[in-house]
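Written out below as structure tokens is the structure these notes cover.
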2 protein chains.
Amino acid sequence: MGALVGAVATLSVVDLLIRDEQQEEEKKSSIVPQEQELLHEAIRYGVPSMQNVKIRQGYALGYDRRLRNAAWVAEYITKESLEKNGDVNRLKSSFKVDPTTPTAFRVTPAEYQNSGYDRGHLAPARDMNSSQPAINESFLMTNISPQVSKFNRGYWSRLEGFVRHLANYYGAAYVITGPLFLPQKTKEGDGYTVSYPIIGTPLNGIAVPTHFFKVILIEKKGKKGQKLKYLATGFVLPNQGIADKIPLSSFVMPLDMIERYSGLVFFDKLERPSLLPLCDDTKCELKAIEFQKQVKAIE
Amino acid sequence: MGALVGAVATLSVVDLLIRDEQQEEEKKSSIVPQEQELLHEAIRYGVPSMQNVKIRQGYALGYDRRLRNAAWVAEYITKESLEKNGDVNRLKSSFKVDPTTPTAFRVTPAEYQNSGYDRGHLAPARDMNSSQPAINESFLMTNISPQVSKFNRGYWSRLEGFVRHLANYYGAAYVITGPLFLPQKTKEGDGYTVSYPIIGTPLNGIAVPTHFFKVILIEKKGKKGQKLKYLATGFVLPNQGIADKIPLSSFVMPLDMIERYSGLVFFDKLERPSLLPLCDDTKCELKAIEFQKQVKAIE
């Protein structure tokens with residue numbers, strides 16, 4: 001247990017917890033909080049929500065104790081951070097309880113057994129190829145959500161590869177990933193209902209997301225003397241097997257909508273209108289073969 | 001708008017946001033945060049969760065932006081605070097948007113129209129009989145959840161009266177109220193599903209809770225020289241019409257269970273084993289006639 005605790009970053013998050021809704025409203029008043037020390041590059045442009053924030057080597061995360069899922073996981077991936085360190089091996093990692101969560105709200109790896117769902121990484125293990133402690137931390141259960149196997153190992157995995165492709169292409173990418181629980185029209189068609197299964201029994205239920213989102217922000221350096229451009233896009237995918245031929249563009253969703261569905265706020269240190277459509281600057285396409293090449297290039 | 005903003009407490013919650021999961025784990029280590037100024041008596045024994053905390057005259061509240069419901073509302077009700085101030089009149093109050101919530105996550109009173117649900121107070125208006133600003137604040141939409149009309153005006157209202165009875169009887173009561181979204185066995189019986197309707201359309205959905213909880217803590221003064229005793233109980237009621245004859249005792253639920261269902265932590269500044277069962281010290285009974293008398297006595 002001691003070794004496990006040691007592997008978890010124990011940075012205080014006190015400095016992080018300086019924002020609340022009232023302060024957002026008062027951003028331009030004199031009560032603006034002082035500039036705080038940045039605890040993780042992944043949250044440079046804002047913390048999506050303030051509940052149960054955990055700072056790890058390879059990601060920052062907010063945990064939803066009620067759903068026993070992360071609310072969001074933020075990463076900053078760079079060309080360099082993706083370079084495989086020869087010693088790093090994900091086979092040396094294993095799923096572990098997150099000891100920083102109180103017992104009542106913890107998830108154990110065993111709870112997924114016979115559930116029919118994969119233990120799906122939110123910050124992908126493969127993004128942490130440069131550091132064994134980082135890849136180990138990606139296996140903490142707070143970074144894991146129930147995913148349909150065909151989804152986790154199929155289309156979702158290809159999307160994760162696309163994100164790494166972007167980080168290589170542009171040099172770096174900010175990525176926020178999380179679960180969604182979206183309403184559906186009732187059978188009677190007279191309204192909407194949110195419905196999702198849980199793994200386990202009611203007292204220990206792990207909510208199974210209906211969808212997952214990924215939000216990506218790129219800082220694009222212009223030519224000499226030109227200003228930095230911010231490119232952004234969001235994707236929302238159903239937690240189910242998705243045919244390879246369905247274009248990624250069909251899953252694009254505006255950040256404002258993902259914010260409403262998730263209750264989160266993305267990149268609030270940037271003006272929303274300054275974010276240009278990423279999929280206009282690069283093709284948001286998953287090509288199975290190119291993806292395979294890409295993975296090889298990274299590994 | 002200016003007047004409305006003026007009516008809302010604008011105390012900074014920075015001081016509140018000093019706890020996180022890691023700190024809970026480290027409670028007894030040297031990193032224990034300094035004693036903070038208590039921003040509201042209702043949260044003397046702990047803040048149930050740290051997201052979007054709002055401090056009002058008559059209550060403290062944590063808001064869940066995703067569900068567009070409060071996660072919890074905490075009150076401290078005393079014999080004195082329940083005394084009706086002659087000028088106070090709930091008819092002078094009206095449901096209002098909470099201006100401290102960002103636009104994307106706000107609820108307007110109009111969204112409930114034709115929804116089939118009551119705008120149900122979590123901190124009851126009647127608890128604020130001593131102050132017009134306090135009763136006005138109880139009508140802010142962050143303190144409102146969708147309730148089935150027969151529930152809101154029936155059994156739930158009687159439970160609220162019982163809580164006031166307790167505050168009068170013991171001198172004061174700490175009360176935490178909130179929504180729950182509980183799993184049910186699937187029709188096939190092979191697992192559990194969480195299912196709840198929303199008011200409105202997906203992008204503006206207000207989640208309709210399946211249940212509501214109330215958690216009550218009483219400080220009971222012993223005879224001279226005796227220590228303070230803490231009495232506590234929790235109730236979980238379905239959001240539906242409940243027959244008057246069903247005993248309140250059938251809705252008692254241990255605090256530990258309500259914590260797991262809600263993702264909240266209650267009274268964490270007290271040792272859980274030191275909380276004695278309130279319903280052993282007083283009869284947890286709703287008697288319709290006595291309740292009516294009680295209400296008269298308060299008004």
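FYI, nothing fancy with the structure tokens labels: chains A, B, ... in order, residues from 1 per chain, ligands from 1 as they appear.
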**Study point:** strand (DSSP E or B) residues, from DSSP on the backbone, in region 145-182 of chain A, as a list in words
**Key:**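 Restricting region 145-182 of chain A to strand (DSSP E or B) produces Ser145, Pro146, Gln147, Ala172, Ala173, Tyr174, Val175, Ile176, Thr177, Gly178, Pro179 and Leu180 of chain A.
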Practice item. For Gly46 (chain A), work out the shell of residues within 6 Å, counting only C-alpha atoms and skipping chain neighbours fewer than 2 positions away, then give it as a ChimeraX atom specification. Key: /A:43-44,267-269
Writer output for current selection, C-alpha atoms, as a PDB file, in the first residue's frame:
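Once written, again_11.pdb looks like this:
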ATOM      1  CA  ILE A  43      -5.043  22.833 -17.159  1.00  0.00           C
ATOM      2  CA  ARG A  44      -3.228  25.956 -18.374  1.00  0.00           C
ATOM      3  CA  PHE A 267     -10.621  26.591 -21.680  1.00  0.00           C
ATOM      4  CA  ASP A 268     -12.327  29.470 -19.908  1.00  0.00           C
ATOM      5  CA  LYS A 269      -9.090  31.447 -19.849  1.00  0.00           C
TER       6      LYS A 269
END
Exercise for review: Find the residues near region 122-139 of chain A: any atom within 8 Å, counting only C-alpha atoms, skip ones fewer than 3 places away on the same chain, and give them as a ChimeraX atom specification.
Suggested key: /A:7-8,56-59,73-75,77,81-85,87-90,92-96,143-145,160,164,177-178
Exercise for review: Find the spatial neighbours of region 113-119 of chain B, counting only C-alpha atoms, within a cut-off of 12 Å - ignore same-chain residues fewer than 5 positions away - and output them as a ChimeraX atom specification.
Suggested key: /A:190-192 /B:69,94-96,107-108,124-125,138-154,197-201,205-209,239-240
Residues near Lys220 (chain A), anyone? I mean within 8 Å using only C-alpha atoms, not counting same-chain ones fewer than 3 positions away, as a tab-separated table (two decimals) with N, CA and C atoms, in the first residue's frame.
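out_20.tsv, written as the output of this step:
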chain	number	residue	atom	x	y	z
A	170	TYR	N	1.17	19.00	-34.97
A	170	TYR	CA	1.23	20.40	-34.54
A	170	TYR	C	2.30	20.62	-33.46
A	228	LEU	N	-0.20	33.68	-32.17
A	228	LEU	CA	-0.59	32.29	-31.95
A	228	LEU	C	-2.06	32.15	-32.34
A	229	LYS	N	-2.38	31.05	-33.04
A	229	LYS	CA	-3.79	30.77	-33.34
A	229	LYS	C	-4.24	29.60	-32.47
A	230	TYR	N	-5.47	29.64	-32.02
A	230	TYR	CA	-6.02	28.53	-31.25
A	230	TYR	C	-7.03	27.77	-32.10
A	231	LEU	N	-6.77	26.49	-32.28
A	231	LEU	CA	-7.67	25.63	-33.05
A	231	LEU	C	-8.33	24.67	-32.07
Check your understanding: Counting only C-alpha atoms, what is within 12 Å of Met257 (chain B), bar same-chain residues fewer than 3 positions away, as a ChimeraX atom specification?
Key -> /A:66,104-105,202-205 /B:180,182,213,215,233-236,252-254,260-266
Point to revise | Separation of CA of His40 (chain A) from CA of Tyr174 (chain A), in Å and rounded to one decimal | key: 11.4 Å
